[in-house]
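Participant: mmCIF, C-alpha atoms and all ligand atoms, saved as start_1.cif, coming up:
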```cif
data_final
#
loop_
_atom_site.group_PDB
_atom_site.id
_atom_site.type_symbol
_atom_site.label_atom_id
_atom_site.label_comp_id
_atom_site.auth_asym_id
_atom_site.auth_seq_id
_atom_site.Cartn_x
_atom_site.Cartn_y
_atom_site.Cartn_z
ATOM 1 C CA MET A 1 0.000 0.000 0.000
ATOM 2 C CA ARG A 2 1.128 3.493 -0.645
ATOM 3 C CA ASP A 3 0.781 5.281 2.666
ATOM 4 C CA LYS A 4 2.264 5.262 6.144
ATOM 5 C CA ALA A 5 0.671 1.954 7.072
ATOM 6 C CA ALA A 6 2.321 0.357 4.054
ATOM 7 C CA PRO A 7 4.591 -2.657 4.528
ATOM 8 C CA GLU A 8 7.123 -1.278 2.016
ATOM 9 C CA MET A 9 7.967 1.715 4.214
ATOM 10 C CA GLY A 10 11.663 1.407 4.929
ATOM 11 C CA MET A 11 11.980 -1.594 2.616
ATOM 12 C CA HIS A 12 15.187 -1.881 0.611
ATOM 13 C CA PRO A 13 14.372 -1.118 -3.066
ATOM 14 C CA PHE A 14 15.908 -4.468 -4.042
ATOM 15 C CA LEU A 15 13.181 -6.254 -2.043
ATOM 16 C CA ARG A 16 10.443 -4.581 -4.056
ATOM 17 C CA HIS A 17 10.958 -7.096 -6.850
ATOM 18 C CA PRO A 18 7.898 -9.408 -6.929
ATOM 19 C CA VAL A 19 10.095 -12.480 -6.711
ATOM 20 C CA PHE A 20 10.462 -11.744 -2.973
ATOM 21 C CA ALA A 21 6.671 -11.804 -2.534
ATOM 22 C CA TRP A 22 6.451 -15.037 -4.495
ATOM 23 C CA LEU A 23 9.091 -16.581 -2.200
ATOM 24 C CA GLY A 24 7.255 -15.278 0.880
ATOM 25 C CA ILE A 25 10.185 -13.082 1.966
ATOM 26 C CA ARG A 26 7.979 -9.975 2.017
ATOM 27 C CA PRO A 27 4.193 -9.423 1.922
ATOM 28 C CA VAL A 28 2.552 -8.536 -1.390
ATOM 29 C CA LEU A 29 2.609 -4.817 -2.141
ATOM 30 C CA GLY A 30 -0.748 -3.199 -2.787
ATOM 31 C CA GLN A 31 -0.963 -0.235 -5.116
ATOM 32 C CA HIS A 32 -3.540 1.569 -3.011
ATOM 33 C CA THR A 33 -3.671 3.374 0.349
ATOM 34 C CA ALA A 34 -4.841 1.946 3.660
ATOM 35 C CA SER A 35 -7.995 4.090 3.480
ATOM 36 C CA GLU A 36 -8.751 2.796 -0.013
ATOM 37 C CA HIS A 37 -8.137 -0.740 1.263
ATOM 38 C CA ASP A 38 -10.708 -0.216 4.022
ATOM 39 C CA ALA A 39 -13.242 1.170 1.530
ATOM 40 C CA LEU A 40 -12.758 -1.782 -0.825
ATOM 41 C CA ARG A 41 -13.353 -4.164 2.073
ATOM 42 C CA LYS A 42 -16.443 -2.262 3.171
ATOM 43 C CA TRP A 43 -18.120 -2.350 -0.248
ATOM 44 C CA ALA A 44 -17.105 -5.957 -0.973
ATOM 45 C CA THR A 45 -18.383 -7.333 2.325
ATOM 46 C CA GLY A 46 -20.929 -10.118 1.827
ATOM 47 C CA ARG A 47 -20.982 -9.709 -1.976
ATOM 48 C CA SER A 48 -21.324 -12.893 -4.024
ATOM 49 C CA ARG A 49 -20.249 -12.094 -7.577
ATOM 50 C CA LEU A 50 -17.148 -9.947 -7.579
ATOM 51 C CA VAL A 51 -14.850 -9.022 -10.460
ATOM 52 C CA GLU A 52 -11.447 -7.356 -10.176
ATOM 53 C CA ILE A 53 -9.801 -5.979 -13.319
ATOM 54 C CA GLY A 54 -6.079 -5.488 -12.586
ATOM 55 C CA VAL A 55 -4.703 -7.773 -9.868
ATOM 56 C CA ALA A 56 -0.903 -7.129 -9.818
ATOM 57 C CA GLU A 57 0.540 -8.849 -6.699
ATOM 58 C CA GLY A 58 -2.961 -9.521 -5.376
ATOM 59 C CA ALA A 59 -3.182 -7.237 -2.327
ATOM 60 C CA SER A 60 -6.632 -5.925 -3.227
ATOM 61 C CA ALA A 61 -7.746 -9.386 -4.382
ATOM 62 C CA VAL A 62 -6.920 -10.803 -0.945
ATOM 63 C CA ALA A 63 -8.876 -8.000 0.718
ATOM 64 C CA LEU A 64 -11.915 -8.780 -1.443
ATOM 65 C CA ARG A 65 -11.640 -12.511 -0.847
ATOM 66 C CA GLU A 66 -11.432 -12.074 2.916
ATOM 67 C CA VAL A 67 -14.758 -10.236 3.166
ATOM 68 C CA MET A 68 -16.868 -11.649 0.320
ATOM 69 C CA SER A 69 -19.674 -14.121 0.951
ATOM 70 C CA PRO A 70 -18.355 -17.638 1.700
ATOM 71 C CA ASP A 71 -20.734 -18.849 -1.021
ATOM 72 C CA GLY A 72 -19.524 -16.231 -3.498
ATOM 73 C CA THR A 73 -17.177 -16.175 -6.490
ATOM 74 C CA LEU A 74 -14.379 -13.713 -7.183
ATOM 75 C CA TRP A 75 -13.117 -13.441 -10.765
ATOM 76 C CA LEU A 76 -9.597 -12.053 -11.030
ATOM 77 C CA ILE A 77 -8.670 -10.625 -14.428
ATOM 78 C CA ASP A 78 -5.082 -9.759 -15.328
ATOM 79 C CA PRO A 79 -2.952 -10.899 -18.281
ATOM 80 C CA PHE A 80 0.229 -10.432 -16.204
ATOM 81 C CA HIS A 81 1.862 -9.173 -19.398
ATOM 82 C CA LEU A 82 4.246 -6.684 -17.759
ATOM 83 C CA SER A 83 6.716 -9.227 -16.405
ATOM 84 C CA ARG A 84 10.224 -8.836 -17.826
ATOM 85 C CA VAL A 85 10.920 -12.567 -17.447
ATOM 86 C CA ARG A 86 7.734 -14.081 -18.818
ATOM 87 C CA ALA A 87 8.762 -17.666 -18.123
ATOM 88 C CA ILE A 88 8.950 -16.908 -14.400
ATOM 89 C CA ASN A 89 6.401 -14.070 -14.095
ATOM 90 C CA ALA A 90 7.002 -13.439 -10.406
ATOM 91 C CA THR A 91 4.079 -10.990 -10.133
ATOM 92 C CA ARG A 92 1.663 -13.665 -11.294
ATOM 93 C CA ARG A 93 3.179 -16.237 -8.934
ATOM 94 C CA ALA A 94 3.117 -13.775 -6.011
ATOM 95 C CA ALA A 95 -0.562 -13.031 -6.699
ATOM 96 C CA HIS A 96 -1.508 -16.703 -6.834
ATOM 97 C CA ARG A 97 0.393 -17.383 -3.613
ATOM 98 C CA ALA A 98 -1.269 -14.476 -1.787
ATOM 99 C CA VAL A 99 -4.796 -15.248 -2.999
ATOM 100 C CA ARG A 100 -4.373 -18.939 -2.108
ATOM 101 C CA GLY A 101 -3.529 -17.822 1.437
ATOM 102 C CA CYS A 102 -7.210 -17.084 2.033
ATOM 103 C CA ARG A 103 -9.685 -19.929 1.613
ATOM 104 C CA ASN A 104 -12.910 -17.913 1.701
ATOM 105 C CA GLY A 105 -15.301 -18.217 -1.246
ATOM 106 C CA ARG A 106 -14.276 -19.383 -4.715
ATOM 107 C CA VAL A 107 -11.748 -17.700 -7.018
ATOM 108 C CA ILE A 108 -11.613 -17.939 -10.802
ATOM 109 C CA TRP A 109 -8.558 -16.561 -12.589
ATOM 110 C CA LEU A 110 -8.966 -15.071 -16.047
ATOM 111 C CA GLU A 111 -5.415 -14.395 -17.168
ATOM 112 C CA GLU A 112 -6.249 -12.279 -20.165
ATOM 113 C CA PHE A 113 -7.029 -8.666 -21.035
ATOM 114 C CA SER A 114 -10.347 -7.475 -19.582
ATOM 115 C CA SER A 115 -11.713 -6.843 -23.051
ATOM 116 C CA ASN A 116 -11.201 -10.489 -23.998
ATOM 117 C CA ALA A 117 -12.761 -11.619 -20.725
ATOM 118 C CA ALA A 118 -15.780 -9.402 -21.431
ATOM 119 C CA LYS A 119 -16.387 -11.174 -24.742
ATOM 120 C CA GLY A 120 -17.187 -14.444 -22.968
ATOM 121 C CA TRP A 121 -18.976 -12.886 -19.989
ATOM 122 C CA SER A 122 -22.675 -13.352 -19.276
ATOM 123 C CA GLY A 123 -23.437 -13.356 -15.526
ATOM 124 C CA GLN A 124 -24.427 -10.691 -13.033
ATOM 125 C CA ILE A 125 -21.880 -8.786 -10.930
ATOM 126 C CA ASP A 126 -22.478 -7.128 -7.560
ATOM 127 C CA PHE A 127 -18.957 -5.712 -7.043
ATOM 128 C CA LEU A 128 -16.671 -4.564 -9.863
ATOM 129 C CA PHE A 129 -13.217 -3.091 -9.242
ATOM 130 C CA ILE A 130 -11.680 -1.334 -12.267
ATOM 131 C CA ASP A 131 -7.910 -1.048 -11.762
ATOM 132 C CA GLY A 132 -6.362 -2.358 -14.994
ATOM 133 C CA ASP A 133 -5.505 -0.264 -18.048
ATOM 134 C CA HIS A 134 -5.438 3.338 -16.780
ATOM 135 C CA SER A 135 -5.421 5.016 -20.200
ATOM 136 C CA GLU A 136 -8.521 7.064 -20.983
ATOM 137 C CA THR A 137 -9.594 4.644 -23.715
ATOM 138 C CA GLY A 138 -8.727 1.607 -21.576
ATOM 139 C CA VAL A 139 -10.738 2.631 -18.536
ATOM 140 C CA ARG A 140 -13.628 3.818 -20.752
ATOM 141 C CA GLN A 141 -13.629 0.439 -22.469
ATOM 142 C CA ASP A 142 -13.771 -1.356 -19.117
ATOM 143 C CA TRP A 143 -16.745 0.756 -18.056
ATOM 144 C CA ASP A 144 -18.523 0.325 -21.409
ATOM 145 C CA GLU A 145 -17.995 -3.425 -21.534
ATOM 146 C CA TRP A 146 -18.633 -4.333 -17.904
ATOM 147 C CA HIS A 147 -21.085 -1.976 -16.177
ATOM 148 C CA GLN A 148 -24.100 -3.528 -17.921
ATOM 149 C CA TYR A 149 -23.628 -6.642 -15.756
ATOM 150 C CA VAL A 150 -23.763 -4.768 -12.439
ATOM 151 C CA VAL A 151 -27.043 -5.461 -10.654
ATOM 152 C CA PRO A 152 -29.173 -2.772 -8.954
ATOM 153 C CA GLY A 153 -27.551 -2.131 -5.571
ATOM 154 C CA GLY A 154 -24.213 -3.324 -6.983
ATOM 155 C CA VAL A 155 -21.129 -1.116 -7.027
ATOM 156 C CA VAL A 156 -18.240 -0.213 -9.300
ATOM 157 C CA ALA A 157 -14.997 1.019 -7.702
ATOM 158 C CA PHE A 158 -12.550 3.008 -9.840
ATOM 159 C CA HIS A 159 -8.961 3.348 -8.658
ATOM 160 C CA ASP A 160 -6.785 6.393 -9.453
ATOM 161 C CA ALA A 161 -10.007 8.230 -10.305
ATOM 162 C CA ALA A 162 -9.747 11.305 -8.047
ATOM 163 C CA THR A 163 -7.093 13.826 -7.146
ATOM 164 C CA PHE A 164 -6.512 14.417 -3.417
ATOM 165 C CA PRO A 165 -4.138 16.416 -1.215
ATOM 166 C CA GLY A 166 -0.661 14.883 -1.272
ATOM 167 C CA GLY A 167 -1.798 12.227 -3.748
ATOM 168 C CA TRP A 168 -0.227 10.968 -6.963
ATOM 169 C CA THR A 169 -3.149 11.323 -9.393
ATOM 170 C CA GLN A 170 -3.455 14.173 -11.912
ATOM 171 C CA GLU A 171 -6.498 15.792 -13.543
ATOM 172 C CA ASN A 172 -5.476 14.347 -16.907
ATOM 173 C CA TRP A 173 -5.338 10.704 -15.776
ATOM 174 C CA GLY A 174 -7.721 8.385 -17.615
ATOM 175 C CA PRO A 175 -9.799 7.261 -14.605
ATOM 176 C CA VAL A 176 -10.065 10.846 -13.267
ATOM 177 C CA LYS A 177 -11.300 12.096 -16.651
ATOM 178 C CA LEU A 178 -13.739 9.213 -17.068
ATOM 179 C CA VAL A 179 -15.303 9.706 -13.634
ATOM 180 C CA ASP A 180 -15.534 13.451 -14.354
ATOM 181 C CA GLN A 181 -17.326 12.784 -17.636
ATOM 182 C CA LEU A 182 -19.629 10.048 -16.344
ATOM 183 C CA PHE A 183 -20.528 11.203 -12.838
ATOM 184 C CA ARG A 184 -19.141 14.605 -11.831
ATOM 185 C CA SER A 185 -20.077 16.854 -14.757
ATOM 186 C CA ARG A 186 -23.697 15.684 -14.556
ATOM 187 C CA PRO A 187 -25.498 12.813 -12.831
ATOM 188 C CA LEU A 188 -25.558 9.577 -14.815
ATOM 189 C CA PRO A 189 -29.139 8.278 -14.686
ATOM 190 C CA GLY A 190 -29.369 5.186 -12.510
ATOM 191 C CA TRP A 191 -25.992 5.703 -10.821
ATOM 192 C CA GLU A 192 -24.541 7.812 -8.027
ATOM 193 C CA ILE A 193 -21.182 8.319 -6.346
ATOM 194 C CA VAL A 194 -21.482 6.748 -2.890
ATOM 195 C CA GLN A 195 -17.916 7.158 -1.641
ATOM 196 C CA GLN A 196 -14.702 8.886 -2.563
ATOM 197 C CA VAL A 197 -11.584 8.200 -0.512
ATOM 198 C CA ASP A 198 -8.111 9.237 -1.656
ATOM 199 C CA SER A 199 -8.049 8.217 -5.349
ATOM 200 C CA LEU A 200 -10.837 5.618 -5.056
ATOM 201 C CA VAL A 201 -14.332 6.452 -6.319
ATOM 202 C CA VAL A 202 -17.216 4.064 -5.666
ATOM 203 C CA VAL A 203 -20.442 4.370 -7.670
ATOM 204 C CA GLN A 204 -23.619 2.413 -7.035
ATOM 205 C CA ARG A 205 -26.394 1.367 -9.361
ATOM 206 C CA PHE A 206 -29.766 2.456 -7.940
ATOM 207 C CA LEU A 207 -32.001 -0.243 -6.599
ATOM 208 C CA ALA A 208 -34.933 -0.747 -9.004
ATOM 209 C CA GLY A 209 -37.500 2.026 -8.572
ATOM 210 C CA VAL A 210 -35.309 4.024 -6.162
ATOM 211 C CA VAL A 211 -34.029 7.348 -7.453
ATOM 212 C CA SER A 212 -32.215 9.638 -5.053
HETATM 213 C C1 LIG B 301 -2.444 -0.839 -10.679
HETATM 214 S S1 LIG B 301 -2.154 -2.545 -10.926
HETATM 215 C C2 LIG B 301 -3.438 -3.310 -9.958
HETATM 216 C C3 LIG B 301 -3.242 -3.122 -8.502
HETATM 217 C C4 LIG B 301 -4.111 -3.970 -7.597
HETATM 218 N N1 LIG B 301 -5.527 -3.823 -7.919
HETATM 219 C C5 LIG B 301 -3.870 -3.541 -6.163
HETATM 220 O O1 LIG B 301 -4.589 -2.646 -5.682
HETATM 221 O O2 LIG B 301 -2.966 -4.075 -5.520
HETATM 222 C C6 LIG B 301 -2.690 -2.740 -12.567
HETATM 223 C C7 LIG B 301 -2.714 -4.173 -13.102
HETATM 224 O O3 LIG B 301 -3.575 -4.156 -14.238
HETATM 225 C C8 LIG B 301 -3.136 -5.081 -15.172
HETATM 226 N N2 LIG B 301 -3.718 -4.699 -16.465
HETATM 227 C C9 LIG B 301 -3.297 -3.757 -17.337
HETATM 228 N N3 LIG B 301 -4.116 -3.707 -18.390
HETATM 229 C C10 LIG B 301 -5.098 -4.627 -18.173
HETATM 230 C C11 LIG B 301 -6.237 -5.050 -18.908
HETATM 231 N N4 LIG B 301 -6.563 -4.496 -20.083
HETATM 232 N N5 LIG B 301 -7.014 -6.018 -18.386
HETATM 233 C C12 LIG B 301 -6.713 -6.566 -17.169
HETATM 234 N N6 LIG B 301 -5.647 -6.209 -16.427
HETATM 235 C C13 LIG B 301 -4.838 -5.255 -16.935
HETATM 236 C C14 LIG B 301 -1.612 -5.019 -15.084
HETATM 237 O O4 LIG B 301 -1.053 -6.238 -15.514
HETATM 238 C C15 LIG B 301 -1.401 -4.730 -13.597
HETATM 239 O O5 LIG B 301 -1.112 -5.933 -12.907
#
```
Please, can you express the file's structure as structure tokens?

Facilitator:
Amino acid sequence: MRDKAAPEMGMHPFLRHPVFAWLGIRPVLGQHTASEHDALRKWATGRSRLVEIGVAEGASAVALREVMSPDGTLWLIDPFHLSRVRAINATRRAAHRAVRGCRNGRVIWLEEFSSNAAKGWSGQIDFLFIDGDHSETGVRQDWDEWHQYVVPGGVVAFHDAATFPGGWTQENWGPVKLVDQLFRSRPLPGWEIVQQVDSLVVVQRFLAGVVS
């Protein structure tokens, strides 16, 4: 995680390589703050059909798995294409190791780009975390291809979608621009922002017949 509660504080830069998480020498490094972590856990609690786009070392995936319904399913989508040594792919191995460390619910890995995964998708989703391709077109594509599956009362969390004091995000980042266009410049019918913490923005689909 990126803030003071983060395990990497004081960590030697050498140890940041994902191979050390895969080997269990250090914990997996999340790419979100402790407050964002808490918000993800809050909105994922008790959910039964969860999708995460962008897993990296799996810190957020573990958080979701820990709090989801024991009868639920968590789909984890990431092609793990950024590894420099593809045959080893330490990030992928670290993520699998971390996610295996929690036995709650069921996990299905889709190791492909989110757009490919969307092509074969048909079921409902009650929690969607968009944290994959952060380009404006990439995050727009994730929204366009996935939000139709989110049930009334379900939520979509966007990471890196807001600027905040002392934060790393900029006004011109893809997720910030998309959330501006979809939700901040005017209300999107059927949806509302229900929480914003650091760079995380959570939007919820209205329950049928309920308009706030
Ligand atoms: C910011 S990291 C995810 C961080 C993780 N959610 C966390 O909080 O610890 C982004 C990840 O998205 C993945 N990614 C990039 N483009 C993607 C795409 N089109 N579909 C799915 N995953 C993608 C990358 O491989 C990378 O692992």

Participant: When the cut-off is 7 Å and you count all atoms listed in the file, which residues lie near ligand LIG 301 (chain B), shown as number ranges by chain?

Facilitator: A: 29-32, 53-61, 77-82, 112-115, 131-133, 138

Participant: Convert the output of the PyMOL selection byres (((chain A and resi 46) around 7) and not hetatm) on the shown file into explicit residues, formatted as a list in words.

Facilitator: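 Residues picked by the PyMOL selection byres (((chain A and resi 46) around 7) and not hetatm): Ala44, Thr45, Arg47, Ser48, Val67, Met68 and Ser69 of chain A.
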
Participant: On this structure, which residues satisfy the PyMOL selection byres (((chain A and resi 52) around 6) and not hetatm), written as a ChimeraX atom specification?

Facilitator: /A:51,53,76,128-129

Participant: Which residues, named as in the file, does the PyMOL selection byres (((chain A and resi 121) around 12) and not hetatm) pick out? Answer as an NGL selection string.

Facilitator: :A and (51 or 75 or 77 or 110 or 114-120 or 122-125 or 145-149)

Participant: What residues have an atom no more than 8 Å from (4.5, -17.1, -5.6) in the file's own frame, counting all atoms listed in the file, and can you write them as a count of residues only?

Facilitator: 14

Participant: What gap, in Å, lies between atom CA of A:Trp168 and atom CA of A:Asp198?

Facilitator: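 Here the two named atoms are 9.7 Å from each other.
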
Participant: Between A:Ala161, A:Gly167, A:Arg49, A:Val85, which is the closest to A:Val107 once you count only C-alpha atoms?

Facilitator: A:Arg49

Participant: Tell me, in Å to one decimal, how far atom CA of A:Arg26 is from atom CA of A:Arg84.

Facilitator: 20.0 Å

Participant: Would you mind telling me which residue in A:Val176, A:Val197, A:Val62, A:Leu188 lies nearest to A:Cys102 when using all atoms listed in the file?

Facilitator: A:Val62

Participant: When you count all atoms listed in the file, which of these residues is closest to A:Glu36: A:His134, A:Arg16, A:His159, A:Arg65?

Facilitator: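 The answer is A:His159, which sits nearest to A:Glu36.
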
Participant: What does the distance from atom CA of A:Val202 to atom CA of A:Val156 come to in Å, to one decimal?

Facilitator: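 Separation of atom CA of A:Val202 and atom CA of A:Val156: 5.7 Å.
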
Participant: Measuring atom to atom with only C-alpha atoms, identify which of A:Val203, A:Gln170, A:Leu182, A:Ser83 is nearest to A:Leu40.

Facilitator: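 Checking each of A:Val203, A:Gln170, A:Leu182, A:Ser83 against A:Leu40, counting only C-alpha atoms, the winner is A:Val203.
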
Participant: Starting from the sparse input, extend stretch 156-167 of chain A to all heavy atoms and give the output as a CSV table (one decimal), in the coordinates of the input.

Facilitator:
```csv
chain,number,residue,atom,x,y,z
A,156,VAL,N,-19.5,-0.2,-8.5
A,156,VAL,CA,-18.2,-0.2,-9.3
A,156,VAL,C,-17.2,0.7,-8.6
A,156,VAL,O,-17.6,1.9,-8.3
A,156,VAL,CB,-18.5,0.3,-10.7
A,156,VAL,CG1,-17.2,0.3,-11.6
A,156,VAL,CG2,-19.6,-0.5,-11.4
A,157,ALA,N,-16.0,0.2,-8.3
A,157,ALA,CA,-15.0,1.0,-7.7
A,157,ALA,C,-13.9,1.3,-8.8
A,157,ALA,O,-13.5,0.4,-9.4
A,157,ALA,CB,-14.4,0.3,-6.5
A,158,PHE,N,-13.6,2.6,-8.9
A,158,PHE,CA,-12.6,3.0,-9.8
A,158,PHE,C,-11.3,3.4,-9.0
A,158,PHE,O,-11.5,4.3,-8.1
A,158,PHE,CB,-13.0,4.2,-10.6
A,158,PHE,CG,-14.1,4.0,-11.6
A,158,PHE,CD1,-15.4,4.2,-11.1
A,158,PHE,CD2,-13.9,3.7,-12.9
A,158,PHE,CE1,-16.5,4.0,-12.0
A,158,PHE,CE2,-15.0,3.5,-13.8
A,158,PHE,CZ,-16.3,3.7,-13.3
A,159,HIS,N,-10.2,2.9,-9.4
A,159,HIS,CA,-9.0,3.3,-8.7
A,159,HIS,C,-8.3,4.4,-9.5
A,159,HIS,O,-8.4,4.5,-10.7
A,159,HIS,CB,-8.0,2.2,-8.4
A,159,HIS,CG,-7.0,2.5,-7.4
A,159,HIS,ND1,-5.6,2.5,-7.6
A,159,HIS,CD2,-7.1,3.0,-6.1
A,159,HIS,CE1,-5.0,2.9,-6.6
A,159,HIS,NE2,-5.8,3.2,-5.6
A,160,ASP,N,-7.5,5.3,-8.8
A,160,ASP,CA,-6.8,6.4,-9.5
A,160,ASP,C,-7.7,7.3,-10.2
A,160,ASP,O,-7.4,7.9,-11.2
A,160,ASP,CB,-5.7,5.8,-10.4
A,160,ASP,CG,-4.6,5.1,-9.7
A,160,ASP,OD1,-4.2,5.5,-8.6
A,160,ASP,OD2,-4.2,4.0,-10.2
A,161,ALA,N,-8.9,7.5,-9.6
A,161,ALA,CA,-10.0,8.2,-10.3
A,161,ALA,C,-10.3,9.6,-9.7
A,161,ALA,O,-11.3,10.3,-10.1
A,161,ALA,CB,-11.3,7.4,-10.3
A,162,ALA,N,-9.5,10.0,-8.7
A,162,ALA,CA,-9.7,11.3,-8.0
A,162,ALA,C,-8.4,11.9,-7.6
A,162,ALA,O,-7.5,11.1,-7.3
A,162,ALA,CB,-10.6,11.2,-6.8
A,163,THR,N,-8.3,13.2,-7.7
A,163,THR,CA,-7.1,13.8,-7.1
A,163,THR,C,-7.4,14.1,-5.7
A,163,THR,O,-8.5,14.2,-5.3
A,163,THR,CB,-6.8,15.1,-7.9
A,163,THR,OG1,-7.9,16.0,-7.8
A,163,THR,CG2,-6.4,14.9,-9.3
A,164,PHE,N,-6.3,14.1,-4.8
A,164,PHE,CA,-6.5,14.4,-3.4
A,164,PHE,C,-5.2,15.0,-2.9
A,164,PHE,O,-4.1,14.8,-3.4
A,164,PHE,CB,-7.0,13.1,-2.7
A,164,PHE,CG,-6.0,12.0,-2.7
A,164,PHE,CD1,-5.2,11.7,-1.6
A,164,PHE,CD2,-5.8,11.2,-3.8
A,164,PHE,CE1,-4.3,10.7,-1.6
A,164,PHE,CE2,-4.9,10.2,-3.9
A,164,PHE,CZ,-4.1,9.9,-2.7
A,165,PRO,N,-5.3,15.7,-1.8
A,165,PRO,CA,-4.1,16.4,-1.2
A,165,PRO,C,-3.0,15.4,-0.9
A,165,PRO,O,-3.2,14.4,-0.3
A,165,PRO,CB,-4.6,17.1,0.1
A,165,PRO,CG,-6.1,17.1,-0.1
A,165,PRO,CD,-6.5,16.0,-1.0
A,166,GLY,N,-1.8,15.7,-1.5
A,166,GLY,CA,-0.7,14.9,-1.3
A,166,GLY,C,-0.7,13.6,-2.1
A,166,GLY,O,0.2,12.8,-1.9
A,167,GLY,N,-1.7,13.5,-3.0
A,167,GLY,CA,-1.8,12.2,-3.7
A,167,GLY,C,-1.0,12.2,-5.0
A,167,GLY,O,-0.3,13.2,-5.4
```
